[in-house]
>>> print(open('work03.pdb').read())   # PDB, C-alpha atoms
ATOM      1  CA  MET Q   1      13.779 -72.136  -4.843  1.00  0.00           C
ATOM      2  CA  ARG Q   2      10.039 -72.159  -4.440  1.00  0.00           C
ATOM      3  CA  ASN Q   3       7.305 -70.873  -6.691  1.00  0.00           C
ATOM      4  CA  LEU Q   4       4.768 -68.436  -5.357  1.00  0.00           C
ATOM      5  CA  PRO Q   5       1.089 -68.918  -6.215  1.00  0.00           C
ATOM      6  CA  LEU Q   6       0.096 -67.374  -9.524  1.00  0.00           C
ATOM      7  CA  LEU Q   7      -3.137 -65.418  -9.892  1.00  0.00           C
ATOM      8  CA  LEU Q   8      -4.400 -65.085 -13.460  1.00  0.00           C
ATOM      9  CA  VAL Q   9      -6.742 -62.208 -14.237  1.00  0.00           C
ATOM     10  CA  PRO Q  10      -8.941 -62.510 -17.342  1.00  0.00           C
ATOM     11  CA  GLY Q  11     -10.107 -59.641 -19.497  1.00  0.00           C
ATOM     12  CA  LEU Q  12     -13.451 -58.424 -20.748  1.00  0.00           C
ATOM     13  CA  MET Q  13     -15.997 -61.278 -20.706  1.00  0.00           C
ATOM     14  CA  CYS Q  14     -13.179 -63.829 -20.416  1.00  0.00           C
ATOM     15  CA  ASP Q  15     -12.421 -66.640 -17.970  1.00  0.00           C
ATOM     16  CA  HIS Q  16     -10.097 -69.631 -17.471  1.00  0.00           C
ATOM     17  CA  THR Q  17     -10.398 -70.423 -21.181  1.00  0.00           C
ATOM     18  CA  VAL Q  18      -7.809 -67.756 -22.004  1.00  0.00           C
ATOM     19  CA  TRP Q  19      -5.190 -69.193 -19.656  1.00  0.00           C
ATOM     20  CA  GLU Q  20      -5.616 -72.960 -19.881  1.00  0.00           C
ATOM     21  CA  PRO Q  21      -3.783 -73.372 -23.216  1.00  0.00           C
ATOM     22  CA  LEU Q  22      -0.596 -72.209 -21.465  1.00  0.00           C
ATOM     23  CA  TYR Q  23      -0.548 -74.866 -18.752  1.00  0.00           C
ATOM     24  CA  PRO Q  24       0.880 -77.818 -20.768  1.00  0.00           C
ATOM     25  CA  HIS Q  25       3.784 -75.645 -21.898  1.00  0.00           C
ATOM     26  CA  ILE Q  26       4.970 -74.547 -18.425  1.00  0.00           C
ATOM     27  CA  SER Q  27       7.220 -76.912 -16.501  1.00  0.00           C
ATOM     28  CA  ASP Q  28       7.084 -76.809 -12.699  1.00  0.00           C
ATOM     29  CA  MET Q  29       3.689 -75.136 -12.947  1.00  0.00           C
ATOM     30  CA  PRO Q  30       2.874 -73.091  -9.828  1.00  0.00           C
ATOM     31  CA  THR Q  31      -0.448 -73.192  -8.063  1.00  0.00           C
ATOM     32  CA  CYS Q  32      -2.779 -71.155 -10.277  1.00  0.00           C
ATOM     33  CA  THR Q  33      -6.060 -69.407  -9.538  1.00  0.00           C
ATOM     34  CA  VAL Q  34      -8.101 -67.693 -12.234  1.00  0.00           C
ATOM     35  CA  VAL Q  35      -9.901 -64.647 -10.887  1.00  0.00           C
ATOM     36  CA  ASP Q  36     -13.637 -64.120 -11.461  1.00  0.00           C
ATOM     37  CA  HIS Q  37     -14.709 -60.466 -11.498  1.00  0.00           C
ATOM     38  CA  GLY Q  38     -18.339 -61.278 -10.736  1.00  0.00           C
ATOM     39  CA  PRO Q  39     -20.662 -58.247 -11.006  1.00  0.00           C
ATOM     40  CA  ALA Q  40     -17.940 -55.649 -10.298  1.00  0.00           C
ATOM     41  CA  ASP Q  41     -18.325 -52.466 -12.339  1.00  0.00           C
ATOM     42  CA  SER Q  42     -14.976 -50.758 -11.676  1.00  0.00           C
ATOM     43  CA  LEU Q  43     -11.367 -51.812 -12.007  1.00  0.00           C
ATOM     44  CA  GLU Q  44     -10.705 -50.846  -8.404  1.00  0.00           C
ATOM     45  CA  GLN Q  45     -13.548 -53.041  -7.175  1.00  0.00           C
ATOM     46  CA  MET Q  46     -12.194 -55.947  -9.226  1.00  0.00           C
ATOM     47  CA  ALA Q  47      -8.758 -55.413  -7.684  1.00  0.00           C
ATOM     48  CA  ARG Q  48     -10.102 -55.211  -4.137  1.00  0.00           C
ATOM     49  CA  GLN Q  49     -12.005 -58.466  -4.639  1.00  0.00           C
ATOM     50  CA  LEU Q  50      -8.860 -60.108  -5.964  1.00  0.00           C
ATOM     51  CA  LEU Q  51      -6.799 -58.967  -2.992  1.00  0.00           C
ATOM     52  CA  GLN Q  52      -9.435 -60.043  -0.485  1.00  0.00           C
ATOM     53  CA  ASP Q  53      -9.245 -63.654  -1.696  1.00  0.00           C
ATOM     54  CA  ALA Q  54      -5.515 -63.780  -2.546  1.00  0.00           C
ATOM     55  CA  PRO Q  55      -2.738 -65.394  -0.484  1.00  0.00           C
ATOM     56  CA  PRO Q  56      -0.363 -63.138   1.479  1.00  0.00           C
ATOM     57  CA  GLN Q  57       2.163 -63.024  -1.379  1.00  0.00           C
ATOM     58  CA  PHE Q  58       1.743 -64.035  -4.988  1.00  0.00           C
ATOM     59  CA  LEU Q  59       2.534 -63.435  -8.651  1.00  0.00           C
ATOM     60  CA  LEU Q  60      -0.055 -61.602 -10.704  1.00  0.00           C
ATOM     61  CA  ALA Q  61      -0.677 -61.843 -14.448  1.00  0.00           C
ATOM     62  CA  GLY Q  62      -3.490 -60.154 -16.341  1.00  0.00           C
ATOM     63  CA  HIS Q  63      -4.720 -60.183 -19.919  1.00  0.00           C
ATOM     64  CA  SER Q  64      -6.385 -57.179 -21.574  1.00  0.00           C
ATOM     65  CA  MET Q  65      -8.774 -55.607 -19.033  1.00  0.00           C
ATOM     66  CA  GLY Q  66      -7.334 -58.037 -16.506  1.00  0.00           C
ATOM     67  CA  ALA Q  67      -3.933 -56.390 -16.798  1.00  0.00           C
ATOM     68  CA  ARG Q  68      -5.508 -53.056 -15.896  1.00  0.00           C
ATOM     69  CA  VAL Q  69      -6.907 -54.808 -12.815  1.00  0.00           C
ATOM     70  CA  VAL Q  70      -3.363 -55.968 -12.051  1.00  0.00           C
ATOM     71  CA  LEU Q  71      -2.190 -52.342 -12.102  1.00  0.00           C
ATOM     72  CA  GLU Q  72      -4.939 -51.404  -9.658  1.00  0.00           C
ATOM     73  CA  ALA Q  73      -3.989 -54.296  -7.374  1.00  0.00           C
ATOM     74  CA  TRP Q  74      -0.382 -53.091  -7.402  1.00  0.00           C
ATOM     75  CA  ARG Q  75      -1.525 -49.575  -6.550  1.00  0.00           C
ATOM     76  CA  LEU Q  76      -3.481 -50.913  -3.571  1.00  0.00           C
ATOM     77  CA  ALA Q  77      -1.086 -53.582  -2.209  1.00  0.00           C
ATOM     78  CA  PRO Q  78       2.364 -53.598  -3.827  1.00  0.00           C
ATOM     79  CA  GLN Q  79       3.948 -55.301  -0.815  1.00  0.00           C
ATOM     80  CA  ARG Q  80       2.000 -58.503  -1.555  1.00  0.00           C
ATOM     81  CA  ILE Q  81       2.895 -58.859  -5.241  1.00  0.00           C
ATOM     82  CA  ALA Q  82       6.262 -60.407  -6.175  1.00  0.00           C
ATOM     83  CA  GLY Q  83       5.905 -60.200  -9.946  1.00  0.00           C
ATOM     84  CA  VAL Q  84       3.663 -58.580 -12.528  1.00  0.00           C
ATOM     85  CA  ALA Q  85       2.776 -59.731 -16.051  1.00  0.00           C
ATOM     86  CA  LEU Q  86       0.720 -57.485 -18.340  1.00  0.00           C
ATOM     87  CA  LEU Q  87      -0.550 -59.083 -21.553  1.00  0.00           C
ATOM     88  CA  ASP Q  88      -2.238 -57.391 -24.537  1.00  0.00           C
ATOM     89  CA  THR Q  89      -3.370 -54.340 -22.663  1.00  0.00           C
ATOM     90  CA  GLY Q  90      -3.057 -50.593 -22.163  1.00  0.00           C
ATOM     91  CA  TYR Q  91      -2.462 -48.064 -19.431  1.00  0.00           C
ATOM     92  CA  LEU Q  92      -3.973 -44.757 -20.508  1.00  0.00           C
ATOM     93  CA  PRO Q  93      -7.437 -43.465 -19.586  1.00  0.00           C
ATOM     94  CA  LYS Q  94     -10.145 -42.909 -22.169  1.00  0.00           C
ATOM     95  CA  SER Q  95      -9.145 -40.145 -24.550  1.00  0.00           C
ATOM     96  CA  SER Q  96     -10.926 -36.829 -24.337  1.00  0.00           C
ATOM     97  CA  GLY Q  97     -12.715 -35.369 -27.330  1.00  0.00           C
ATOM     98  CA  PRO Q  98     -13.773 -37.231 -30.499  1.00  0.00           C
ATOM     99  CA  ALA Q  99     -11.448 -40.238 -29.992  1.00  0.00           C
ATOM    100  CA  GLY Q 100     -12.928 -40.996 -26.592  1.00  0.00           C
ATOM    101  CA  GLU Q 101     -16.455 -40.473 -27.855  1.00  0.00           C
ATOM    102  CA  GLU Q 102     -15.808 -42.904 -30.693  1.00  0.00           C
ATOM    103  CA  GLU Q 103     -14.509 -45.532 -28.269  1.00  0.00           C
ATOM    104  CA  VAL Q 104     -17.629 -45.210 -26.144  1.00  0.00           C
ATOM    105  CA  ARG Q 105     -19.853 -45.388 -29.217  1.00  0.00           C
ATOM    106  CA  LYS Q 106     -18.221 -48.630 -30.356  1.00  0.00           C
ATOM    107  CA  ARG Q 107     -18.403 -50.198 -26.919  1.00  0.00           C
ATOM    108  CA  LEU Q 108     -22.049 -49.259 -26.447  1.00  0.00           C
ATOM    109  CA  ASN Q 109     -22.911 -50.550 -29.904  1.00  0.00           C
ATOM    110  CA  LEU Q 110     -21.530 -53.946 -28.919  1.00  0.00           C
ATOM    111  CA  LEU Q 111     -23.529 -53.772 -25.695  1.00  0.00           C
ATOM    112  CA  ARG Q 112     -26.686 -53.052 -27.673  1.00  0.00           C
ATOM    113  CA  ILE Q 113     -26.047 -56.114 -29.834  1.00  0.00           C
ATOM    114  CA  ALA Q 114     -25.539 -58.256 -26.714  1.00  0.00           C
ATOM    115  CA  GLN Q 115     -28.759 -56.981 -25.161  1.00  0.00           C
ATOM    116  CA  GLU Q 116     -30.887 -57.251 -28.292  1.00  0.00           C
ATOM    117  CA  GLN Q 117     -29.412 -60.235 -30.135  1.00  0.00           C
ATOM    118  CA  GLY Q 118     -27.493 -62.115 -27.473  1.00  0.00           C
ATOM    119  CA  VAL Q 119     -23.935 -62.309 -26.203  1.00  0.00           C
ATOM    120  CA  ARG Q 120     -22.866 -64.882 -28.786  1.00  0.00           C
ATOM    121  CA  VAL Q 121     -23.866 -62.615 -31.679  1.00  0.00           C
ATOM    122  CA  MET Q 122     -21.965 -59.747 -30.051  1.00  0.00           C
ATOM    123  CA  ALA Q 123     -18.913 -61.949 -29.529  1.00  0.00           C
ATOM    124  CA  ARG Q 124     -18.892 -62.965 -33.182  1.00  0.00           C
ATOM    125  CA  GLU Q 125     -18.687 -59.270 -34.081  1.00  0.00           C
ATOM    126  CA  TRP Q 126     -16.098 -58.528 -31.371  1.00  0.00           C
ATOM    127  CA  VAL Q 127     -13.728 -61.344 -32.313  1.00  0.00           C
ATOM    128  CA  GLN Q 128     -13.230 -60.111 -35.874  1.00  0.00           C
ATOM    129  CA  GLY Q 129     -10.520 -57.674 -34.802  1.00  0.00           C
ATOM    130  CA  MET Q 130      -9.193 -59.621 -31.838  1.00  0.00           C
ATOM    131  CA  VAL Q 131      -7.232 -62.469 -33.403  1.00  0.00           C
ATOM    132  CA  HIS Q 132      -4.657 -62.659 -36.177  1.00  0.00           C
ATOM    133  CA  PRO Q 133      -6.565 -62.456 -39.490  1.00  0.00           C
ATOM    134  CA  ASP Q 134      -5.369 -65.933 -40.459  1.00  0.00           C
ATOM    135  CA  ARG Q 135      -7.037 -67.385 -37.354  1.00  0.00           C
ATOM    136  CA  LEU Q 136     -10.534 -66.196 -38.232  1.00  0.00           C
ATOM    137  CA  ASN Q 137     -10.965 -69.468 -40.144  1.00  0.00           C
ATOM    138  CA  ASP Q 138      -9.716 -71.515 -37.184  1.00  0.00           C
ATOM    139  CA  HIS Q 139     -13.161 -72.740 -36.212  1.00  0.00           C
ATOM    140  CA  ALA Q 140     -12.016 -74.492 -33.024  1.00  0.00           C
ATOM    141  CA  LEU Q 141     -10.323 -71.339 -31.695  1.00  0.00           C
ATOM    142  CA  ILE Q 142     -13.220 -69.058 -32.615  1.00  0.00           C
ATOM    143  CA  GLU Q 143     -15.738 -71.445 -31.074  1.00  0.00           C
ATOM    144  CA  ARG Q 144     -13.789 -71.508 -27.779  1.00  0.00           C
ATOM    145  CA  ILE Q 145     -13.882 -67.707 -27.690  1.00  0.00           C
ATOM    146  CA  LEU Q 146     -17.585 -67.481 -28.532  1.00  0.00           C
ATOM    147  CA  THR Q 147     -18.491 -70.134 -25.952  1.00  0.00           C
ATOM    148  CA  MET Q 148     -16.418 -68.330 -23.312  1.00  0.00           C
ATOM    149  CA  PHE Q 149     -18.237 -65.059 -23.930  1.00  0.00           C
ATOM    150  CA  GLU Q 150     -21.589 -66.822 -23.954  1.00  0.00           C
ATOM    151  CA  ARG Q 151     -21.039 -67.935 -20.355  1.00  0.00           C
ATOM    152  CA  LYS Q 152     -21.319 -64.274 -19.312  1.00  0.00           C
ATOM    153  CA  SER Q 153     -24.502 -62.188 -19.443  1.00  0.00           C
ATOM    154  CA  ALA Q 154     -25.217 -58.902 -21.171  1.00  0.00           C
ATOM    155  CA  ASP Q 155     -25.523 -57.380 -17.682  1.00  0.00           C
ATOM    156  CA  ILE Q 156     -21.960 -58.436 -16.836  1.00  0.00           C
ATOM    157  CA  PHE Q 157     -20.852 -57.011 -20.175  1.00  0.00           C
ATOM    158  CA  ALA Q 158     -22.475 -53.679 -19.320  1.00  0.00           C
ATOM    159  CA  LYS Q 159     -20.708 -53.521 -15.956  1.00  0.00           C
ATOM    160  CA  GLN Q 160     -17.310 -54.346 -17.427  1.00  0.00           C
ATOM    161  CA  ILE Q 161     -17.759 -51.775 -20.189  1.00  0.00           C
ATOM    162  CA  GLN Q 162     -18.434 -49.140 -17.537  1.00  0.00           C
ATOM    163  CA  ALA Q 163     -15.263 -50.224 -15.734  1.00  0.00           C
ATOM    164  CA  LEU Q 164     -13.245 -49.730 -18.907  1.00  0.00           C
ATOM    165  CA  ILE Q 165     -14.806 -46.440 -19.911  1.00  0.00           C
ATOM    166  CA  HIS Q 166     -13.951 -45.005 -16.484  1.00  0.00           C
ATOM    167  CA  ARG Q 167     -10.485 -46.595 -16.293  1.00  0.00           C
ATOM    168  CA  PRO Q 168      -7.766 -44.589 -14.530  1.00  0.00           C
ATOM    169  CA  ASP Q 169      -4.409 -43.519 -15.920  1.00  0.00           C
ATOM    170  CA  GLY Q 170      -1.891 -46.244 -15.093  1.00  0.00           C
ATOM    171  CA  SER Q 171       1.264 -44.277 -15.924  1.00  0.00           C
ATOM    172  CA  ALA Q 172       2.307 -43.584 -12.339  1.00  0.00           C
ATOM    173  CA  VAL Q 173       1.536 -47.168 -11.315  1.00  0.00           C
ATOM    174  CA  LEU Q 174       3.802 -48.535 -14.032  1.00  0.00           C
ATOM    175  CA  GLN Q 175       6.587 -46.231 -12.887  1.00  0.00           C
ATOM    176  CA  SER Q 176       6.244 -47.536  -9.325  1.00  0.00           C
ATOM    177  CA  ILE Q 177       6.555 -51.266 -10.084  1.00  0.00           C
ATOM    178  CA  HIS Q 178       9.827 -52.528  -8.592  1.00  0.00           C
ATOM    179  CA  VAL Q 179       9.417 -56.279  -9.129  1.00  0.00           C
ATOM    180  CA  PRO Q 180      10.111 -58.382 -12.256  1.00  0.00           C
ATOM    181  CA  THR Q 181       7.628 -57.279 -14.904  1.00  0.00           C
ATOM    182  CA  LEU Q 182       6.641 -58.930 -18.172  1.00  0.00           C
ATOM    183  CA  ILE Q 183       4.926 -56.825 -20.821  1.00  0.00           C
ATOM    184  CA  LEU Q 184       3.692 -58.980 -23.699  1.00  0.00           C
ATOM    185  CA  CYS Q 185       1.482 -58.682 -26.753  1.00  0.00           C
ATOM    186  CA  GLY Q 186       0.802 -60.201 -30.132  1.00  0.00           C
ATOM    187  CA  GLN Q 187       2.622 -58.561 -33.021  1.00  0.00           C
ATOM    188  CA  GLN Q 188      -0.720 -58.213 -34.838  1.00  0.00           C
ATOM    189  CA  ASP Q 189      -2.708 -56.956 -31.851  1.00  0.00           C
ATOM    190  CA  THR Q 190      -4.563 -54.031 -33.427  1.00  0.00           C
ATOM    191  CA  TRP Q 191      -6.576 -53.227 -30.289  1.00  0.00           C
ATOM    192  CA  ALA Q 192      -3.524 -52.901 -28.001  1.00  0.00           C
ATOM    193  CA  PRO Q 193      -0.627 -52.647 -30.469  1.00  0.00           C
ATOM    194  CA  PRO Q 194       3.075 -53.317 -29.840  1.00  0.00           C
ATOM    195  CA  ALA Q 195       3.934 -49.598 -29.776  1.00  0.00           C
ATOM    196  CA  GLN Q 196       1.620 -49.182 -26.785  1.00  0.00           C
ATOM    197  CA  HIS Q 197       3.436 -51.971 -24.960  1.00  0.00           C
ATOM    198  CA  ALA Q 198       6.815 -50.477 -25.806  1.00  0.00           C
ATOM    199  CA  ALA Q 199       5.634 -47.242 -24.166  1.00  0.00           C
ATOM    200  CA  MET Q 200       4.635 -49.242 -21.086  1.00  0.00           C
ATOM    201  CA  GLN Q 201       8.068 -50.843 -20.954  1.00  0.00           C
ATOM    202  CA  GLN Q 202       9.676 -47.403 -20.984  1.00  0.00           C
ATOM    203  CA  LEU Q 203       7.641 -46.451 -17.913  1.00  0.00           C
ATOM    204  CA  ALA Q 204       8.169 -49.663 -15.927  1.00  0.00           C
ATOM    205  CA  PRO Q 205      11.743 -49.790 -14.557  1.00  0.00           C
ATOM    206  CA  HIS Q 206      12.035 -53.590 -14.333  1.00  0.00           C
ATOM    207  CA  ALA Q 207      10.067 -54.592 -17.439  1.00  0.00           C
ATOM    208  CA  THR Q 208      10.879 -57.030 -20.230  1.00  0.00           C
ATOM    209  CA  LEU Q 209       8.966 -56.664 -23.503  1.00  0.00           C
ATOM    210  CA  ALA Q 210       7.929 -59.806 -25.386  1.00  0.00           C
ATOM    211  CA  LEU Q 211       6.247 -59.604 -28.799  1.00  0.00           C
ATOM    212  CA  ILE Q 212       4.566 -62.775 -30.042  1.00  0.00           C
ATOM    213  CA  ASP Q 213       4.740 -63.370 -33.793  1.00  0.00           C
ATOM    214  CA  ASP Q 214       1.576 -64.252 -35.721  1.00  0.00           C
ATOM    215  CA  ALA Q 215      -0.771 -63.402 -32.848  1.00  0.00           C
ATOM    216  CA  GLY Q 216      -3.437 -60.811 -32.207  1.00  0.00           C
ATOM    217  CA  HIS Q 217      -5.121 -59.633 -29.010  1.00  0.00           C
ATOM    218  CA  MET Q 218      -5.877 -63.180 -27.845  1.00  0.00           C
ATOM    219  CA  ALA Q 219      -2.201 -64.172 -27.904  1.00  0.00           C
ATOM    220  CA  PRO Q 220      -2.432 -66.678 -24.988  1.00  0.00           C
ATOM    221  CA  MET Q 221      -4.984 -68.692 -26.976  1.00  0.00           C
ATOM    222  CA  GLU Q 222      -3.434 -68.113 -30.392  1.00  0.00           C
ATOM    223  CA  ARG Q 223       0.215 -68.896 -29.571  1.00  0.00           C
ATOM    224  CA  PRO Q 224       0.167 -70.573 -26.142  1.00  0.00           C
ATOM    225  CA  SER Q 225       3.614 -72.167 -26.314  1.00  0.00           C
ATOM    226  CA  HIS Q 226       5.287 -68.849 -27.145  1.00  0.00           C
ATOM    227  CA  VAL Q 227       3.388 -66.957 -24.448  1.00  0.00           C
ATOM    228  CA  ALA Q 228       4.114 -69.726 -21.927  1.00  0.00           C
ATOM    229  CA  GLN Q 229       7.838 -69.528 -22.671  1.00  0.00           C
ATOM    230  CA  ALA Q 230       7.885 -65.796 -21.938  1.00  0.00           C
ATOM    231  CA  MET Q 231       5.859 -66.293 -18.771  1.00  0.00           C
ATOM    232  CA  GLN Q 232       8.095 -69.107 -17.557  1.00  0.00           C
ATOM    233  CA  GLN Q 233      11.155 -66.893 -17.949  1.00  0.00           C
ATOM    234  CA  TRP Q 234       9.350 -64.166 -16.005  1.00  0.00           C
ATOM    235  CA  MET Q 235       8.314 -66.541 -13.218  1.00  0.00           C
ATOM    236  CA  ALA Q 236      11.911 -67.753 -12.880  1.00  0.00           C
ATOM    237  CA  GLN Q 237      12.945 -64.165 -12.148  1.00  0.00           C
ATOM    238  CA  CYS Q 238      10.286 -64.034  -9.426  1.00  0.00           C
ATOM    239  CA  ALA Q 239      11.174 -67.297  -7.671  1.00  0.00           C
ATOM    240  CA  VAL Q 240      11.733 -66.994  -3.933  1.00  0.00           C
ATOM    241  CA  PRO Q 241      14.745 -68.742  -2.304  1.00  0.00           C
ATOM    242  CA  THR Q 242      13.837 -71.572   0.044  1.00  0.00           C
ATOM    243  CA  VAL Q 243      14.837 -70.787   3.640  1.00  0.00           C
ATOM    244  CA  GLY Q 244      16.890 -73.368   5.522  1.00  0.00           C
TER     245      GLY Q 244
END
>>> encode(input="work03.pdb", output="structure tokens")
Amino acid sequence: MRNLPLLLVPGLMCDHTVWEPLYPHISDMPTCTVVDHGPADSLEQMARQLLQDAPPQFLLAGHSMGARVVLEAWRLAPQRIAGVALLDTGYLPKSSGPAGEEEVRKRLNLLRIAQEQGVRVMAREWVQGMVHPDRLNDHALIERILTMFERKSADIFAKQIQALIHRPDGSAVLQSIHVPTLILCGQQDTWAPPAQHAAMQQLAPHATLALIDDAGHMAPMERPSHVAQAMQQWMAQCAVPTVG
């Protein structure tokens, strides 16, 4: 059996920092590339960039906004993707009416903080609801998250917010995925809760649902060994037989 390359797609204002805690916990680690969205301001543009630089066939895992990019990549080039992992994410478009307006208001308020007070100040506000409450006093974890965000600019934040506000409905894409699929989230993810992931599993015909105890939205950083175990089981399902 041989392992296909694994592309890892980070979420809003995130980078390799989200994924690196998993590496020591995965035996027979495949070749990994962490995607950089650059200045892209739509999920489709992020997906097209990813596909332009990707090998002919690969596994694709995304976290948060990155998982929505994974869905767009599948929509554009399903024949190239041998496995899909969707972590701490969603699939529905922005709600219409007051709920959608409230989402936009909250996102734009964070953008205003980033523009006026700096990305680090914004990230300190953002992180409050993004990890398990018990981890808010884990200074090393919080500092890694704040430093990661600080590497991005307020302009990048604005572009990625626009991408999320105008996100497409991923329902039909989920229904079309015919390769091994992992759907995973932290049990205490209040931004993208377990019920949302259970609904995704119902849509995706080949999906396994993994819920990570004592973890919030940043599950790969909060409980890396548990997330790595689920991902290793998923990758084993995607392994390609060696010819000859």
>>> closest_atom_pairs(input="work03.pdb", of="segment 27-87 of chain Q", to="segment 166-184 of chain Q", cutoff="6 Å", atoms="all atoms listed in the file", output="tab-separated table")
residue	atom	partner	partner_atom	distance
Q:Ala82	CA	Q:Val179	CA	6.0
Q:Gly83	CA	Q:Pro180	CA	5.1
Q:Val84	CA	Q:Thr181	CA	4.8
Q:Ala85	CA	Q:Leu182	CA	4.5
Q:Leu86	CA	Q:Ile183	CA	4.9
Q:Leu87	CA	Q:Leu184	CA	4.8
>>> resolve_selection(input="work03.pdb", expression="the PyMOL selection byres ((chain Q and resi 53-68) around 6)", output="ChimeraX atom specification")
/Q:4-12,50-52,69-71,80-89
>>> closest_residue(input="work03.pdb", among="Q:Val227, Q:Ala154, Q:Ala199, Q:Ala239", to="Gln115 of chain Q", atoms="all atoms listed in the file")
Q:Ala154
>>> axis_aligned_box(input="work03.pdb", around="segment 30-38 of chain Q", padding_each_side="4 Å", output="AutoDock Vina command-line options")
--center_x -7.7 --center_y -66.8 --center_z -10.1 --size_x 29.2 --size_y 20.7 --size_z 12.2
>>> residues_near_point(input="work03.pdb", point="(-2.5, -72.7, -24.2)", cutoff="7 Å", atoms="all atoms listed in the file", output="CSV table (one decimal) with C-alpha atoms, in the frame of the given file")
chain,number,residue,atom,x,y,z
Q,19,TRP,CA,-5.2,-69.2,-19.7
Q,20,GLU,CA,-5.6,-73.0,-19.9
Q,21,PRO,CA,-3.8,-73.4,-23.2
Q,22,LEU,CA,-0.6,-72.2,-21.5
Q,23,TYR,CA,-0.5,-74.9,-18.8
Q,220,PRO,CA,-2.4,-66.7,-25.0
Q,221,MET,CA,-5.0,-68.7,-27.0
Q,224,PRO,CA,0.2,-70.6,-26.1
Q,225,SER,CA,3.6,-72.2,-26.3
>>> closest_residue(input="work03.pdb", among="Q:Ile212, Q:Leu43, Q:Val18, Q:Ala207", to="Ile145 of chain Q", atoms="all atoms listed in the file")
Q:Val18
>>> residues_near_point(input="work03.pdb", point="(-15.6, -54.2, -19.2)", cutoff="9 Å", atoms="only C-alpha atoms", output="list in words")
Gly11, Leu12, Met13, Asp41, Ser42, Leu43, Met65, Ile156, Phe157, Ala158, Lys159, Gln160, Ile161, Gln162, Ala163, Leu164 and Ile165 of chain Q
>>> closest_residue(input="work03.pdb", among="Q:Met235, Q:Ala73, Q:Leu136, Q:Ala204", to="Asp28 of chain Q", atoms="only C-alpha atoms")
Q:Met235
>>> atom_distance(input="work03.pdb", atom1="atom CA of Ala192 of chain Q", atom2="atom CA of Gln233 of chain Q")
22.6 Å
>>> atom_distance(input="work03.pdb", atom1="atom CA of Trp126 of chain Q", atom2="atom CA of Ala210 of chain Q")
24.8 Å
>>> residues_around(input="work03.pdb", residues="Glu150 of chain Q", least_positions_apart="2", cutoff="10 Å", atoms="all atoms listed in the file", output="PyMOL selection string")
chain Q and resi 13-14+114+118-123+144-148+152-154
>>> decode(input="work03.pdb", residues="segment 123-137 of chain Q", atoms="C-alpha atoms", output="CSV table (one decimal), in the first residue's frame")
chain,number,residue,atom,x,y,z
Q,123,ALA,CA,-7.6,37.4,18.1
Q,124,ARG,CA,-7.7,37.6,21.9
Q,125,GLU,CA,-11.4,38.5,21.5
Q,126,TRP,CA,-12.0,35.8,18.9
Q,127,VAL,CA,-10.4,33.0,20.8
Q,128,GLN,CA,-12.7,33.3,23.8
Q,129,GLY,CA,-15.3,31.1,22.2
Q,130,MET,CA,-13.0,29.0,20.1
Q,131,VAL,CA,-11.4,26.6,22.6
Q,132,HIS,CA,-12.8,24.5,25.5
Q,133,PRO,CA,-13.4,26.8,28.4
Q,134,ASP,CA,-10.8,25.0,30.5
Q,135,ARG,CA,-8.1,25.8,27.9
Q,136,LEU,CA,-8.5,29.6,28.2
Q,137,ASN,CA,-6.0,29.5,31.0
